[in-house]
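Engineer: Below is the structure I would like to discuss, written out as structure tokens.
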Amino acid sequence: MKALWLQRLTCCGNTHSFLNYEGLEYLFSRFEYFYHPSLSLESEEEVVERFLKEDFDLLLVEGAVRRDDVVLKELSKRARFVVAVGSCAVYGNIPALSDPEVCGLNYRFKERDGLLEDPEVINLPGCPAHPYWIAHTIFLLMQGKKPELDQLGRPKDFYSSLTHWGCTRNEYFEWKVDAEELGSERGCLFYHFGCRGPLSYSSCNRILWNGVSSKTRAGTPCFGCTEYDFPRRGLWETRQYAGIPAELPIGVSKRGYIMLSGIAKMFAPERLKNEG
Ligand code: SF4
């Protein structure tokens, strides 16, 4: 199996994330050839030149792309699978905010208006994408299996549940007990500190970072970095109208929220309120 990892408009965060994958040596040993700009000694120009003339298995792209990137267009026709690694390669993200000529591979934010009409790219958003999401997707593709994707081309294995699932603060969320400050061990970060866990799809609280942690476990709100509208203003605050969050958890109506949150706050167990 032959793979080519290319970088475009990027901070290289997804490379750093990928290099944290514990089984990296084993993964590379399964490849006949794997080019990565930070790991390979060959000149990228020569490698690209070669791959433009032969079919290969896997094209991984990190970073947002420009609409006139003919090389990527041509390479994508040669590759059996194309993977966008990280939110910039998926949606365009920060580099696309002020430049209409910058986009993701299939998408520009939520519009299917990216560089490539075809093929359907396997999208691994995240700022950065979790090393396991990247590696597991590569292992699947190695077996010739394409993961089942959602409406934004994201593998359902990693993006079909909310980041909120598996968060250790769920009980505080249910009883509407706020965290008192950022970094605190207790309380939920949704009500004042802008947590996007109930509004974002990712498995950050199921497949932990470094096997032990996640943003919300560390006392930082989820920023919703796997979604097309990341980044937003006010990452650490919850916009509110008359005390009600401007954006409610997915699937919760305003009326339901008002009714339930009032009761929850009133009857929250003392042990949660008095902890610490
Ligand atoms: S901190 Fe965020 S992810 Fe955790 S329970 Fe609260 S809203 Fe959900």
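Going through the structure tokens in order, the chains are called A, B, and so on, while each chain numbers its residues from 1 and the ligands are numbered from 1 in the order shown.
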Need the shell around range 188-198 of chain A: protein/DNA/RNA residues with any atom at most 6 Å away, counting only C-alpha atoms. Skip same-chain ones fewer than 4 positions apart. Format as a ChimeraX atom specification?
Structural biologist: /A:162-164,169,172-173,178-179,221-224,236-238,249
Engineer: Name the residues in contact with Cys167 in chain A at a cut-off of 9 Å, using only C-alpha atoms, excluding same-chain residues fewer than 5 positions from it; report them as JSON, numbers by chain.
Structural biologist: {"A": [197, 204, 205, 206, 214, 216, 217]}
Engineer: With only C-alpha atoms as the basis for distance, which of A:Arg255, A:Lys156, A:Arg30, A:Arg67 is at the shortest distance from Met142 in chain A?
Structural biologist: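 Of A:Arg255, A:Lys156, A:Arg30, A:Arg67, the one nearest Met142 in chain A, counting only C-alpha atoms, is A:Arg30.
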Engineer: Running DSSP on the backbone, which parts of range 75-117 of chain A land in strand (DSSP E or B), as a tab-separated table (two decimals) with all heavy atoms, in the first residue's frame?
Structural biologist:
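As written to disk, out.tsv reads:
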chain	number	residue	atom	x	y	z
A	79	ALA	N	-5.58	8.60	-6.60
A	79	ALA	CA	-5.66	7.90	-5.31
A	79	ALA	C	-6.94	7.08	-5.21
A	79	ALA	O	-8.00	7.49	-5.69
A	79	ALA	CB	-5.62	8.92	-4.18
A	80	ARG	N	-6.81	5.92	-4.54
A	80	ARG	CA	-8.00	5.09	-4.32
A	80	ARG	C	-8.89	5.73	-3.25
A	80	ARG	O	-10.10	5.70	-3.34
A	80	ARG	CB	-7.51	3.72	-3.86
A	80	ARG	CG	-8.51	2.65	-3.97
A	80	ARG	CD	-7.81	1.29	-3.96
A	80	ARG	NE	-8.67	0.29	-3.41
A	80	ARG	CZ	-8.31	-0.60	-2.51
A	80	ARG	NH1	-7.09	-0.62	-2.05
A	80	ARG	NH2	-9.17	-1.49	-2.08
A	81	PHE	N	-8.28	6.28	-2.22
A	81	PHE	CA	-9.03	6.96	-1.16
A	81	PHE	C	-8.38	8.32	-0.89
A	81	PHE	O	-7.15	8.42	-0.90
A	81	PHE	CB	-9.01	6.17	0.14
A	81	PHE	CG	-9.60	4.80	0.04
A	81	PHE	CD1	-8.78	3.67	0.12
A	81	PHE	CD2	-10.96	4.61	-0.14
A	81	PHE	CE1	-9.32	2.40	0.03
A	81	PHE	CE2	-11.51	3.34	-0.23
A	81	PHE	CZ	-10.69	2.23	-0.15
A	82	VAL	N	-9.23	9.31	-0.61
A	82	VAL	CA	-8.71	10.63	-0.22
A	82	VAL	C	-9.25	10.96	1.17
A	82	VAL	O	-10.45	10.84	1.43
A	82	VAL	CB	-9.14	11.73	-1.22
A	82	VAL	CG1	-8.55	13.08	-0.82
A	82	VAL	CG2	-8.72	11.36	-2.64
A	83	VAL	N	-8.34	11.38	2.05
A	83	VAL	CA	-8.74	11.69	3.43
A	83	VAL	C	-8.34	13.14	3.75
A	83	VAL	O	-7.21	13.55	3.48
A	83	VAL	CB	-8.02	10.74	4.43
A	83	VAL	CG1	-8.43	11.06	5.87
A	83	VAL	CG2	-8.33	9.28	4.11
A	84	ALA	N	-9.29	13.91	4.29
A	84	ALA	CA	-8.99	15.27	4.77
A	84	ALA	C	-8.73	15.17	6.26
A	84	ALA	O	-9.62	14.76	7.01
A	84	ALA	CB	-10.17	16.20	4.49
A	85	VAL	N	-7.53	15.52	6.67
A	85	VAL	CA	-7.16	15.38	8.09
A	85	VAL	C	-7.21	16.75	8.77
A	85	VAL	O	-6.43	17.64	8.47
A	85	VAL	CB	-5.73	14.79	8.22
A	85	VAL	CG1	-5.44	14.47	9.68
A	85	VAL	CG2	-5.57	13.54	7.37
A	102	VAL	N	-10.05	30.14	-0.71
A	102	VAL	CA	-9.55	29.05	0.15
A	102	VAL	C	-10.74	28.22	0.62
A	102	VAL	O	-11.81	28.76	0.94
A	102	VAL	CB	-8.76	29.64	1.35
A	102	VAL	CG1	-8.38	28.54	2.33
A	102	VAL	CG2	-7.53	30.36	0.85
A	103	CYS	N	-10.56	26.91	0.66
A	103	CYS	CA	-11.67	26.03	1.03
A	103	CYS	C	-11.12	24.71	1.57
A	103	CYS	O	-9.92	24.54	1.73
A	103	CYS	CB	-12.54	25.76	-0.21
A	103	CYS	SG	-11.63	25.15	-1.63
A	108	ARG	N	-16.70	23.92	1.73
A	108	ARG	CA	-16.25	25.23	2.24
A	108	ARG	C	-17.25	25.56	3.35
A	108	ARG	O	-18.41	25.82	3.07
A	108	ARG	CB	-16.25	26.29	1.15
A	108	ARG	CG	-15.65	27.58	1.61
A	108	ARG	CD	-15.37	28.56	0.48
A	108	ARG	NE	-14.47	29.58	0.97
A	108	ARG	CZ	-14.85	30.60	1.74
A	108	ARG	NH1	-16.11	30.76	2.04
A	108	ARG	NH2	-13.96	31.47	2.19
A	111	GLU	N	-21.02	24.28	3.02
A	111	GLU	CA	-21.44	24.12	1.62
A	111	GLU	C	-20.55	23.11	0.92
A	111	GLU	O	-19.34	23.10	1.12
A	111	GLU	CB	-21.37	25.45	0.87
A	111	GLU	CG	-22.10	26.61	1.52
A	111	GLU	CD	-23.58	26.33	1.71
A	111	GLU	OE1	-24.15	25.56	0.92
A	111	GLU	OE2	-24.16	26.84	2.69
Engineer: Restricting the calculation to only C-alpha atoms and all ligand atoms: of A:Val177, A:Leu59, A:Leu6, A:Leu124, which residue gets closest to ligand 1?
Structural biologist: A:Val177
Engineer: For CA of Gly256 in chain A and CA of Cys225 in chain A, determine how far apart the two atoms are, in Å to one decimal place.
Structural biologist: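 So the answer is 26.9 Å.
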Engineer: Applying 7 Å and only C-alpha atoms, which residues near Gly104 in chain A remain after dropping the ones on its own chain fewer than 2 positions away? List them as a PyMOL selection string.
Structural biologist: chain A and resi 64-65+88-92+106-108+114-115
Engineer: Write the residues of the selection above to a file with all heavy atoms, as an mmCIF file, in the first residue's frame.
Structural biologist:
data_model
loop_
_atom_site.group_PDB
_atom_site.id
_atom_site.type_symbol
_atom_site.label_atom_id
_atom_site.label_comp_id
_atom_site.auth_asym_id
_atom_site.auth_seq_id
_atom_site.Cartn_x
_atom_site.Cartn_y
_atom_site.Cartn_z
ATOM 1 N N ALA A 64 -6.030 23.752 4.859
ATOM 2 C CA ALA A 64 -6.980 24.265 3.866
ATOM 3 C C ALA A 64 -6.277 24.352 2.509
ATOM 4 O O ALA A 64 -5.045 24.374 2.434
ATOM 5 C CB ALA A 64 -7.462 25.646 4.301
ATOM 6 N N VAL A 65 -7.070 24.391 1.446
ATOM 7 C CA VAL A 65 -6.473 24.370 0.096
ATOM 8 C C VAL A 65 -6.963 25.569 -0.716
ATOM 9 O O VAL A 65 -8.013 26.139 -0.423
ATOM 10 C CB VAL A 65 -6.835 23.050 -0.631
ATOM 11 C CG1 VAL A 65 -6.250 21.866 0.105
ATOM 12 C CG2 VAL A 65 -8.350 22.894 -0.772
ATOM 13 N N CYS A 88 -9.279 22.229 8.910
ATOM 14 C CA CYS A 88 -8.926 23.108 7.785
ATOM 15 C C CYS A 88 -9.065 22.361 6.463
ATOM 16 O O CYS A 88 -9.604 22.903 5.492
ATOM 17 C CB CYS A 88 -7.510 23.653 7.955
ATOM 18 S SG CYS A 88 -7.374 24.800 9.323
ATOM 19 N N ALA A 89 -8.594 21.122 6.425
ATOM 20 C CA ALA A 89 -8.702 20.341 5.183
ATOM 21 C C ALA A 89 -10.158 19.971 4.899
ATOM 22 O O ALA A 89 -10.555 19.797 3.744
ATOM 23 C CB ALA A 89 -7.857 19.075 5.280
ATOM 24 N N VAL A 90 -10.962 19.877 5.948
ATOM 25 C CA VAL A 90 -12.367 19.493 5.762
ATOM 26 C C VAL A 90 -13.223 20.686 5.341
ATOM 27 O O VAL A 90 -13.932 20.636 4.327
ATOM 28 C CB VAL A 90 -12.944 18.855 7.049
ATOM 29 C CG1 VAL A 90 -14.444 18.581 6.887
ATOM 30 C CG2 VAL A 90 -12.205 17.569 7.385
ATOM 31 N N TYR A 91 -13.146 21.783 6.121
ATOM 32 C CA TYR A 91 -14.073 22.906 5.902
ATOM 33 C C TYR A 91 -13.411 24.185 5.382
ATOM 34 O O TYR A 91 -14.103 25.147 5.084
ATOM 35 C CB TYR A 91 -14.755 23.293 7.224
ATOM 36 C CG TYR A 91 -15.421 22.163 7.974
ATOM 37 C CD1 TYR A 91 -14.983 21.793 9.252
ATOM 38 C CD2 TYR A 91 -16.522 21.486 7.439
ATOM 39 C CE1 TYR A 91 -15.608 20.780 9.971
ATOM 40 C CE2 TYR A 91 -17.150 20.462 8.154
ATOM 41 C CZ TYR A 91 -16.686 20.118 9.416
ATOM 42 O OH TYR A 91 -17.303 19.119 10.123
ATOM 43 N N GLY A 92 -12.097 24.230 5.352
ATOM 44 C CA GLY A 92 -11.409 25.492 5.044
ATOM 45 C C GLY A 92 -11.018 26.210 6.322
ATOM 46 O O GLY A 92 -9.933 26.735 6.454
ATOM 47 N N ASN A 106 -13.750 18.807 0.012
ATOM 48 C CA ASN A 106 -15.108 18.732 -0.549
ATOM 49 C C ASN A 106 -15.970 19.927 -0.154
ATOM 50 O O ASN A 106 -16.914 20.279 -0.847
ATOM 51 C CB ASN A 106 -15.839 17.478 -0.055
ATOM 52 C CG ASN A 106 -15.585 16.227 -0.879
ATOM 53 O OD1 ASN A 106 -15.861 15.130 -0.427
ATOM 54 N ND2 ASN A 106 -15.066 16.371 -2.087
ATOM 55 N N TYR A 107 -15.652 20.519 0.973
ATOM 56 C CA TYR A 107 -16.538 21.550 1.549
ATOM 57 C C TYR A 107 -15.850 22.902 1.698
ATOM 58 O O TYR A 107 -14.628 22.986 1.764
ATOM 59 C CB TYR A 107 -17.024 21.115 2.947
ATOM 60 C CG TYR A 107 -18.050 20.021 2.878
ATOM 61 C CD1 TYR A 107 -17.658 18.685 2.805
ATOM 62 C CD2 TYR A 107 -19.405 20.302 2.848
ATOM 63 C CE1 TYR A 107 -18.608 17.665 2.711
ATOM 64 C CE2 TYR A 107 -20.352 19.299 2.763
ATOM 65 C CZ TYR A 107 -19.952 17.978 2.691
ATOM 66 O OH TYR A 107 -20.879 16.992 2.589
ATOM 67 N N ARG A 108 -16.702 23.924 1.730
ATOM 68 C CA ARG A 108 -16.254 25.225 2.239
ATOM 69 C C ARG A 108 -17.249 25.563 3.347
ATOM 70 O O ARG A 108 -18.412 25.815 3.069
ATOM 71 C CB ARG A 108 -16.253 26.289 1.147
ATOM 72 C CG ARG A 108 -15.648 27.576 1.613
ATOM 73 C CD ARG A 108 -15.369 28.558 0.484
ATOM 74 N NE ARG A 108 -14.466 29.577 0.974
ATOM 75 C CZ ARG A 108 -14.853 30.600 1.736
ATOM 76 N NH1 ARG A 108 -16.114 30.755 2.037
ATOM 77 N NH2 ARG A 108 -13.960 31.468 2.190
ATOM 78 N N GLY A 114 -16.097 22.768 -2.154
ATOM 79 C CA GLY A 114 -14.658 22.690 -1.939
ATOM 80 C C GLY A 114 -13.897 22.521 -3.242
ATOM 81 O O GLY A 114 -14.449 22.681 -4.340
ATOM 82 N N LEU A 115 -12.643 22.148 -3.116
ATOM 83 C CA LEU A 115 -11.769 21.999 -4.283
ATOM 84 C C LEU A 115 -12.207 20.836 -5.175
ATOM 85 O O LEU A 115 -12.168 20.928 -6.397
ATOM 86 C CB LEU A 115 -10.325 21.758 -3.792
ATOM 87 C CG LEU A 115 -9.287 21.431 -4.862
ATOM 88 C CD1 LEU A 115 -8.954 22.685 -5.659
ATOM 89 C CD2 LEU A 115 -8.011 20.869 -4.235
#
Engineer: If you count only C-alpha atoms, which residues fall within 8 Å of Gly183 in chain A, apart from same-chain ones fewer than 2 positions away, as a list in words?
Structural biologist: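 Returned residues: Glu181, Glu185, Ala218, Gly219 and Thr220 of chain A.
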Engineer: Hey, which of A:Pro100, A:Gly153, A:Glu148, A:His36 ends up closest to Tyr228 in chain A? Count only C-alpha atoms.
Structural biologist: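 Among the listed residues, the smallest separation from Tyr228 in chain A belongs to A:Gly153.
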Engineer: From a DSSP calculation on the backbone, collect every residue of range 56-248 of chain A in helix (DSSP H, G or I) and output the set as a PyMOL selection string.
Structural biologist: chain A and resi 70-78+87-91+93-96+131-142+156-159+170-174+197-199+216-218
Engineer: Interatomic distance between CA of Glu22 in chain A and CA of Lys2 in chain A?
Structural biologist: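 Those two atoms sit 21.0 Å apart.
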Engineer: Quick one: of A:Glu42, A:Glu32, A:Glu171, A:Asp118, who's nearest to ligand 1, counting only C-alpha atoms and all ligand atoms?
Structural biologist: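 Among the listed residues, the smallest separation from ligand 1 belongs to A:Glu171.
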Engineer: Could you state the separation of CA of Ala129 in chain A and CA of Ser17 in chain A in Å, given to one decimal place?
Structural biologist: 7.0 Å
Engineer: At a cut-off of 12 Å, using only C-alpha atoms, what residues contact Gly243 in chain A? Leave out same-chain residues fewer than 4 positions from it and give the result as a ChimeraX atom specification.
Structural biologist: /A:191-192,238-239,247,254,257-258,261-262
Engineer: Any chance you could export the current selection's C-alpha atoms as a compact mmCIF listing (two decimals), in the first residue's frame?
Structural biologist:
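File out.txt, as written:
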# COMPACT_ATOMS: atom_id res chain seq x y z
CA TYR A 191 -24.29 27.30 31.24
CA HIS A 192 -21.64 30.01 31.47
CA THR A 238 -22.27 31.12 26.72
CA ARG A 239 -24.34 33.68 24.83
CA GLU A 247 -28.02 27.81 21.44
CA LYS A 254 -36.73 26.08 24.19
CA TYR A 257 -35.36 23.54 28.30
CA ILE A 258 -37.06 26.25 30.36
CA SER A 261 -33.86 23.40 33.77
CA GLY A 262 -35.98 25.33 36.29
Engineer: Could you check the closest approach to Ser200 in chain A for each of A:Ala3, A:Leu248, A:Ala96, A:Ala268 and tell me which residue wins, using only C-alpha atoms?
Structural biologist: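 When distances to Ser200 in chain A are compared using only C-alpha atoms, the smallest one comes from A:Leu248.
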Engineer: With distances taken over only C-alpha atoms, which residue among A:Pro269, A:Gly144, A:Gly63, A:Pro125 lies nearest Pro95 in chain A?
Structural biologist: A:Gly63
Engineer: Using only C-alpha atoms, determine which residues lie at most 8 Å from Cys127 in chain A, disregarding the query and same-chain residues fewer than 4 positions distant; provide the list as a PyMOL selection string.
Structural biologist: chain A and resi 13-14+86-87+225-226
